[in-house]
Amino acid sequence: MNTTLSRFGLILVSALAFTSCGRDSGAPSPATEEADAPPATTPAVVQTEVPARPLPSISPEDAAAKIGIAARLPMDYETLILADVGAFREIFGLAKEDQVEVVPGEPLLVPDDSMLDTLFHGKVVFASGPGTAAQSTRLINLFLLYSDASTRERMLELGHSAGVITDHVYQESNAFDIFWTRSFDTVIGLLEDLAPPPIIQAFELPPGEDELSPVVLASLTEMTAELPFIVPVAEDDLPLPDFRLYTFDAREALSEEMVQFALEDYLEEAQITQVYENLVNLSLTFGYGVVDGHAVFYLGPDSSGLELVDDPVQSMASRPELGVLAESGDATPLLVASAGQGTIQAMRALNESSRTLKTLAETLGLVTGLGDLQDIIVLAEDAAATYEKLNQGNDTAFGCVLWEEEGNWRFEALGGHESTSLDANLPLALLPAAPADAMLVFGMRADPETSRVASELLADLIEIADGIVSRLATSEALQQSDMDLDLDFDLAWLNKEVLPPVKRAALALVSDIGGSLGHETLFVIDRGEPIHKLPGLPPEFEGVAPLPRAAMAWKIADSDRLDSGWRTLEPALRELWELYPMHEDTKPGWPEPLDIEEEGSRSWLYPFSGITTNDFIPVATRSEQHLVLATSRNLASDLTTGLAGAPPEAATERGLYFQLRFDVLHEAITLWLDAANAGGDPLMPDPGGLFIDAGEVLGFYDRLEKFETMTLRHFPQGTKWRTSFEINRRDP
């Protein structure tokens with residue numbers, strides 16, 4: 001996430017109010033009595049500085065007590081997920097399913113309910129051992145190569161079916177042929193030494209049970225007995241007692257003729273043989289048994305991953321990232337997870353975008369008959385490279401824990417991808433201005449470089465979209481083809497009339513306006529005051545039902561640049577307003593703002609026709625140091641006053657902060673429901689789809705009453721980033 005992206009959140013709501021912030025409007029337009037009245041303000045909540053906490057740590061012995069059988073896993077295991085499924089089932093009221101009778105002799109390749117109840121009775125553990133990062137990287141790269149080919153193939157089929165691409169060109173451009181021939185050495189390299197890392201999955205057995213249930217054993221026995229390429233391991237070679245182990249004979253399961261048939265259209269015979277040899281050399285071992293009161297299932301290249309340890313110091317319990325377990329105190333964790341640095345790096349490869357962007361750009365010209373799109377390709381590559389900059393940061397080992405404390409849920413995480421996108425060198429200076437009873441508060445400080453790079457990326461994407469649409473609109477081959485783009489508008493009109501003002505407005509927002517504001521964003525939604533003077537509002541709602549209000553705020557970094565951006569944005573928005581397809585008799589003209597000077601600030605209000613309430617009017621309020629965009633004049637005034645009076649050093653949070661007040665949301669819904677019931681109709685009125693059927697929210701409403709707040713913090717602690725999440729329930 002970044003500041004520039006988040007600035008678009010309120011643009012659709014307050015676009016009209018944007019356009020006059022940097023100009024002189026002359027004398028204020030006539031206003032209603034309420035609009036001219038100075039809005040009431042409420043003092044901001046000033047928070048006190050909280051000292052930084054030390055990095056959490058826990059002894060291996062105490063950690064072992066919390067992760068149970070996972071403490072038997074060697075320290076070099078790379079990932080761990082432990083979930084108390086039994087506790088979750090109890091929390092969410094998930095009753096056991098009805099048992100299904102097992103018929104002797106019937107195959108049980110699909111687990112029945114009794115098997116699921118046995119396996120998911122209590123704690124469930126999933127862990128992967130050495131080689132997880134390397135093998136994940138291989139598989140992910142194979143997936144990306146295949147995905148690239150699939151994307152190209154789908155686009156080529158579209159162009160071929162529409163008649164834009166000839167049979168000859170289509171055959172010459174076969175995507176999977178390119179996948180194998182161009183990428184053969186890469187694919188072969190990824191297939192070499194491809195093997196699953198040791199993987200263990202353990203299920204806590206019900207009390208008093210020390211062996212797998214007959215249902216589970218029957219299913220596994222049938223599966224292993226019926227497949228000839230599964231070979232049992234001799235009992236003398238088993239690493240654990242009461243364990244059954246098998247090897248997978250790849251040569252028995254996979255014939256060269258099968259590989260030949262699958263690849264003969266793409267590869268030479270010698271290459272097919274090379275692929276076959278890589279596949280049949282795959283080493284695979286799997287098995288099952290009971291260990292420490294758990295049903296354990298194993299998969300790996302050999303049996304070495306089953307060499308468990310008894311000393312917590314030598315086990316995963318001593319992993320530094322699991323020091324976060326200390327935060328759970330004496331509570332039993334509901335969820336524990338850990339991943340090594342290499343695994344985090346491997347997973348990040350899934351975010352790779354450059355290959356897909358380039359593939360789409362390369363294939364688009366061929367599919368649509370647009371010819372060479374080298375300029376679009378260059379822009380796509382540049383945008384992909386820019387996107388990768390947003391994901392820069394250090395990868396560190398990751399650990400997290402979820403637990404229940406006095407009916408409340410707590411979650412703590414440490415490490416992972418240490419993104420440089422958030423800047424925590426300074427506290428969130430705008431956050432203390434949020435109203436104390438706000439329904440939702442979001443604060444974030446982006447790194448300055450991230451803001452700049454995000455602006456570059458958005459500018460590139462705007463240019464790409466402009467270039468593609470303009471090419472599509474002028475493509476004779478596309479117009480003469482049978483390709484159905486299923487568009488509700490004329491591409492030529494879109495290219496000539498709509499795109500130019502859209503491009504000017506977007507670039508003004510991204511470059512000038514985005515560059516003129518500070519790197520911290522504050523977003524607030526509060527319950528609002530009871531509604532007054534809203535056209536079409538039934539009388540039972542008047543003065544009772546609250547109207548939620550939203551606002552965003554930034555510090556102004558460059559006043560002249562902000563003025564320039566507004567001057568560019570306003571005519572573009574006016575032009576788009578005139579193009580909006582609406583019946584002339586009902587389409588309002590471009591509204592002129594109410595320009596109101598107040599002490600220390602200036603506001604531009606855009607009243608809708610017939611609406612005269614300060615709590616439902618788009619407004620832009622600008623003081624010497626801050627810009628506030630809001631759907632309510634009252635909220636904008638409150639924030640502006642709070643921003644002027646809250647010293648930066650009073651902020652308690654750094655990086656990112658989010659809070660949702662369930663109690664305030666529940667109270668607002670209650671007032672709406674009470675007003676609807678007072679009118680004799682339990683359903684809210686639905687004038688033009690403005691309101692929601694009350695019956696559709698009652699289930700959500702009942703659950704909402706149990707909770708009070710949800711809070712998320714993402715901040716630095718020592719040399720690592722820390723994530724803290726909590727859900728607080730109401731007192732019974």
# chains A, B, ... in the order shown; residues from 1 in each chain; ligands from 1
$ residues_around --residues "Asp731 in chain A" --least-positions-apart "2" --cutoff "12 Å" --atoms "only C-alpha atoms" --output "JSON, numbers by chain"
{"A": [406, 407, 408, 663, 705, 706, 707, 708, 709, 728, 729]}
$ write_last_selection --atoms "N, CA, C and O atoms" --output "PDB file, in the first residue's frame"
ATOM      1  N   GLU A 406      -9.453 -13.717  27.612  1.00  0.00           N
ATOM      2  CA  GLU A 406     -10.645 -13.150  28.253  1.00  0.00           C
ATOM      3  C   GLU A 406     -11.747 -12.881  27.229  1.00  0.00           C
ATOM      4  O   GLU A 406     -12.417 -11.844  27.251  1.00  0.00           O
ATOM      5  N   GLY A 407     -11.912 -13.810  26.309  1.00  0.00           N
ATOM      6  CA  GLY A 407     -12.945 -13.677  25.289  1.00  0.00           C
ATOM      7  C   GLY A 407     -12.538 -12.839  24.099  1.00  0.00           C
ATOM      8  O   GLY A 407     -13.281 -12.755  23.111  1.00  0.00           O
ATOM      9  N   ASN A 408     -11.373 -12.190  24.149  1.00  0.00           N
ATOM     10  CA  ASN A 408     -10.887 -11.370  23.044  1.00  0.00           C
ATOM     11  C   ASN A 408      -9.840 -12.140  22.245  1.00  0.00           C
ATOM     12  O   ASN A 408      -9.126 -12.982  22.779  1.00  0.00           O
ATOM     13  N   ASP A 663     -18.901  -1.407  18.056  1.00  0.00           N
ATOM     14  CA  ASP A 663     -19.963  -0.890  18.911  1.00  0.00           C
ATOM     15  C   ASP A 663     -20.634   0.335  18.297  1.00  0.00           C
ATOM     16  O   ASP A 663     -21.858   0.487  18.363  1.00  0.00           O
ATOM     17  N   GLU A 705     -23.230  -7.383  17.603  1.00  0.00           N
ATOM     18  CA  GLU A 705     -23.450  -6.931  18.976  1.00  0.00           C
ATOM     19  C   GLU A 705     -22.448  -7.538  19.954  1.00  0.00           C
ATOM     20  O   GLU A 705     -22.211  -6.998  21.033  1.00  0.00           O
ATOM     21  N   LYS A 706     -21.820  -8.651  19.586  1.00  0.00           N
ATOM     22  CA  LYS A 706     -20.912  -9.337  20.491  1.00  0.00           C
ATOM     23  C   LYS A 706     -19.530  -8.687  20.541  1.00  0.00           C
ATOM     24  O   LYS A 706     -18.741  -8.995  21.424  1.00  0.00           O
ATOM     25  N   PHE A 707     -19.206  -7.822  19.565  1.00  0.00           N
ATOM     26  CA  PHE A 707     -17.854  -7.290  19.457  1.00  0.00           C
ATOM     27  C   PHE A 707     -17.818  -5.790  19.718  1.00  0.00           C
ATOM     28  O   PHE A 707     -18.809  -5.073  19.553  1.00  0.00           O
ATOM     29  N   GLU A 708     -16.638  -5.322  20.103  1.00  0.00           N
ATOM     30  CA  GLU A 708     -16.468  -3.901  20.410  1.00  0.00           C
ATOM     31  C   GLU A 708     -15.529  -3.220  19.416  1.00  0.00           C
ATOM     32  O   GLU A 708     -15.902  -2.247  18.760  1.00  0.00           O
ATOM     33  N   THR A 709     -14.279  -3.686  19.286  1.00  0.00           N
ATOM     34  CA  THR A 709     -13.312  -3.038  18.395  1.00  0.00           C
ATOM     35  C   THR A 709     -12.461  -4.077  17.679  1.00  0.00           C
ATOM     36  O   THR A 709     -12.278  -5.205  18.153  1.00  0.00           O
ATOM     37  N   ASN A 728     -11.705  -7.179  20.134  1.00  0.00           N
ATOM     38  CA  ASN A 728     -12.217  -7.144  21.498  1.00  0.00           C
ATOM     39  C   ASN A 728     -13.726  -7.360  21.506  1.00  0.00           C
ATOM     40  O   ASN A 728     -14.466  -6.709  20.749  1.00  0.00           O
ATOM     41  N   ARG A 729     -14.155  -8.272  22.373  1.00  0.00           N
ATOM     42  CA  ARG A 729     -15.582  -8.520  22.541  1.00  0.00           C
ATOM     43  C   ARG A 729     -16.170  -7.572  23.590  1.00  0.00           C
ATOM     44  O   ARG A 729     -15.450  -7.053  24.438  1.00  0.00           O
TER      45      ARG A 729
END
$ closest_residue --among "A:Tyr77, A:Tyr580, A:Phe229, A:Tyr288" --to "Glu211 in chain A" --atoms "only C-alpha atoms"
A:Tyr288
$ closest_residue --among "A:Pro239, A:Trp590, A:Gln625, A:Asp423" --to "Arg602 in chain A" --atoms "only C-alpha atoms"
A:Gln625
$ atom_distance --atom1 "CA of Pro130 in chain A" --atom2 "CA of Ser318 in chain A"
16.3 Å
$ atom_distance --atom1 "CA of Ala434 in chain A" --atom2 "CA of Asp558 in chain A"
23.6 Å
$ select_by_dssp --residues "range 274-485 of chain A" --states "strand (DSSP E)" --output "PyMOL selection string"
chain A and resi 285-291+294-300+335-339+393-405+408-419+440-445
$ write_last_selection --atoms "N, CA and C atoms" --output "tab-separated table (two decimals), in the first residue's frame"
chain	number	residue	atom	x	y	z
A	285	THR	N	8.97	-40.75	-1.19
A	285	THR	CA	8.67	-41.66	-0.09
A	285	THR	C	7.50	-41.10	0.70
A	286	PHE	N	6.58	-41.96	1.10
A	286	PHE	CA	5.47	-41.49	1.92
A	286	PHE	C	5.08	-42.58	2.90
A	287	GLY	N	4.36	-42.16	3.97
A	287	GLY	CA	3.96	-43.13	4.98
A	287	GLY	C	3.04	-42.52	6.01
A	288	TYR	N	2.65	-43.35	6.99
A	288	TYR	CA	1.73	-42.89	8.03
A	288	TYR	C	1.90	-43.74	9.27
A	289	GLY	N	1.50	-43.20	10.42
A	289	GLY	CA	1.59	-43.90	11.69
A	289	GLY	C	1.14	-43.00	12.82
A	290	VAL	N	1.42	-43.41	14.05
A	290	VAL	CA	1.02	-42.63	15.24
A	290	VAL	C	2.28	-42.24	16.01
A	291	VAL	N	2.40	-40.94	16.32
A	291	VAL	CA	3.54	-40.42	17.09
A	291	VAL	C	2.99	-39.47	18.15
A	294	HIS	N	-0.60	-38.49	17.99
A	294	HIS	CA	-1.02	-37.82	16.76
A	294	HIS	C	-0.96	-38.80	15.59
A	295	ALA	N	-1.95	-38.72	14.72
A	295	ALA	CA	-1.88	-39.42	13.44
A	295	ALA	C	-0.97	-38.60	12.53
A	296	VAL	N	0.14	-39.22	12.09
A	296	VAL	CA	1.16	-38.50	11.33
A	296	VAL	C	1.22	-39.06	9.91
A	297	PHE	N	1.19	-38.16	8.92
A	297	PHE	CA	1.34	-38.53	7.51
A	297	PHE	C	2.58	-37.83	6.98
A	298	TYR	N	3.34	-38.56	6.16
A	298	TYR	CA	4.65	-38.06	5.74
A	298	TYR	C	4.81	-38.21	4.23
A	299	LEU	N	5.48	-37.21	3.63
A	299	LEU	CA	5.86	-37.25	2.22
A	299	LEU	C	7.22	-36.58	2.08
A	300	GLY	N	8.14	-37.21	1.35
A	300	GLY	CA	9.47	-36.63	1.19
A	300	GLY	C	10.30	-37.39	0.17
A	335	LEU	N	-3.54	-20.63	16.86
A	335	LEU	CA	-2.82	-20.75	15.59
A	335	LEU	C	-1.38	-20.30	15.78
A	336	VAL	N	-0.45	-21.07	15.26
A	336	VAL	CA	0.97	-20.71	15.25
A	336	VAL	C	1.49	-20.97	13.85
A	337	ALA	N	2.28	-20.05	13.31
A	337	ALA	CA	2.87	-20.24	11.99
A	337	ALA	C	4.28	-19.69	11.97
A	338	SER	N	5.12	-20.30	11.17
A	338	SER	CA	6.51	-19.86	11.03
A	338	SER	C	6.99	-20.21	9.64
A	339	ALA	N	7.85	-19.36	9.08
A	339	ALA	CA	8.44	-19.62	7.77
A	339	ALA	C	9.85	-19.04	7.76
A	393	GLY	N	12.58	-4.69	-0.31
A	393	GLY	CA	12.68	-4.83	1.13
A	393	GLY	C	13.43	-6.10	1.48
A	394	ASN	N	13.76	-6.25	2.73
A	394	ASN	CA	14.50	-7.43	3.18
A	394	ASN	C	13.52	-8.55	3.55
A	395	ASP	N	13.91	-9.79	3.22
A	395	ASP	CA	13.14	-10.96	3.62
A	395	ASP	C	13.76	-11.55	4.87
A	396	THR	N	12.97	-11.71	5.89
A	396	THR	CA	13.44	-12.31	7.14
A	396	THR	C	12.50	-13.43	7.53
A	397	ALA	N	12.95	-14.29	8.44
A	397	ALA	CA	12.09	-15.35	8.94
A	397	ALA	C	10.84	-14.73	9.58
A	398	PHE	N	9.75	-15.48	9.54
A	398	PHE	CA	8.45	-14.97	9.97
A	398	PHE	C	7.85	-15.90	11.03
A	399	GLY	N	7.25	-15.32	12.06
A	399	GLY	CA	6.54	-16.10	13.07
A	399	GLY	C	5.30	-15.35	13.53
A	400	CYS	N	4.22	-16.08	13.84
A	400	CYS	CA	3.00	-15.43	14.32
A	400	CYS	C	2.26	-16.36	15.26
A	401	VAL	N	1.37	-15.77	16.07
A	401	VAL	CA	0.57	-16.54	17.01
A	401	VAL	C	-0.78	-15.86	17.18
A	402	LEU	N	-1.84	-16.67	17.24
A	402	LEU	CA	-3.20	-16.20	17.50
A	402	LEU	C	-3.70	-16.91	18.75
A	403	TRP	N	-4.30	-16.16	19.69
A	403	TRP	CA	-4.81	-16.77	20.91
A	403	TRP	C	-6.03	-16.01	21.40
A	404	GLU	N	-6.73	-16.62	22.35
A	404	GLU	CA	-7.90	-16.00	22.94
A	404	GLU	C	-7.57	-15.60	24.38
A	405	GLU	N	-7.96	-14.37	24.72
A	405	GLU	CA	-7.63	-13.83	26.04
A	405	GLU	C	-8.85	-13.11	26.60
A	408	ASN	N	-11.37	-12.19	24.15
A	408	ASN	CA	-10.89	-11.37	23.04
A	408	ASN	C	-9.84	-12.14	22.24
A	409	TRP	N	-9.74	-11.83	20.97
A	409	TRP	CA	-8.75	-12.47	20.10
A	409	TRP	C	-7.55	-11.56	19.93
A	410	ARG	N	-6.36	-12.16	20.02
A	410	ARG	CA	-5.11	-11.42	19.84
A	410	ARG	C	-4.24	-12.13	18.80
A	411	PHE	N	-3.60	-11.34	17.97
A	411	PHE	CA	-2.70	-11.87	16.95
A	411	PHE	C	-1.44	-11.03	16.93
A	412	GLU	N	-0.29	-11.69	16.97
A	412	GLU	CA	0.99	-10.99	16.88
A	412	GLU	C	1.86	-11.69	15.84
A	413	ALA	N	2.53	-10.91	15.01
A	413	ALA	CA	3.43	-11.45	13.99
A	413	ALA	C	4.72	-10.66	14.01
A	414	LEU	N	5.80	-11.33	13.67
A	414	LEU	CA	7.13	-10.72	13.68
A	414	LEU	C	7.88	-11.17	12.44
A	415	GLY	N	8.45	-10.20	11.70
A	415	GLY	CA	9.29	-10.53	10.56
A	415	GLY	C	8.50	-10.71	9.28
A	416	GLY	N	9.07	-11.51	8.36
A	416	GLY	CA	8.49	-11.69	7.03
A	416	GLY	C	9.17	-10.78	6.03
A	417	HIS	N	8.40	-10.26	5.08
A	417	HIS	CA	8.95	-9.32	4.11
A	417	HIS	C	9.00	-7.93	4.73
A	418	GLU	N	10.19	-7.45	5.00
A	418	GLU	CA	10.36	-6.15	5.65
A	418	GLU	C	10.29	-5.05	4.59
A	419	SER	N	9.09	-4.73	4.15
A	419	SER	CA	8.89	-3.77	3.08
A	419	SER	C	9.40	-2.39	3.47
A	440	LEU	N	-14.46	4.22	11.96
A	440	LEU	CA	-13.28	3.64	11.32
A	440	LEU	C	-12.19	4.69	11.22
A	441	VAL	N	-10.97	4.30	11.56
A	441	VAL	CA	-9.82	5.19	11.45
A	441	VAL	C	-8.69	4.43	10.77
A	442	PHE	N	-8.10	5.04	9.75
A	442	PHE	CA	-6.96	4.44	9.06
A	442	PHE	C	-5.89	5.51	8.90
A	443	GLY	N	-4.69	5.19	9.36
A	443	GLY	CA	-3.57	6.10	9.20
A	443	GLY	C	-2.37	5.36	8.65
A	444	MET	N	-1.63	5.99	7.74
A	444	MET	CA	-0.48	5.34	7.14
A	444	MET	C	0.53	6.39	6.70
A	445	ARG	N	1.80	6.11	6.94
A	445	ARG	CA	2.85	6.98	6.44
A	445	ARG	C	3.68	6.20	5.43
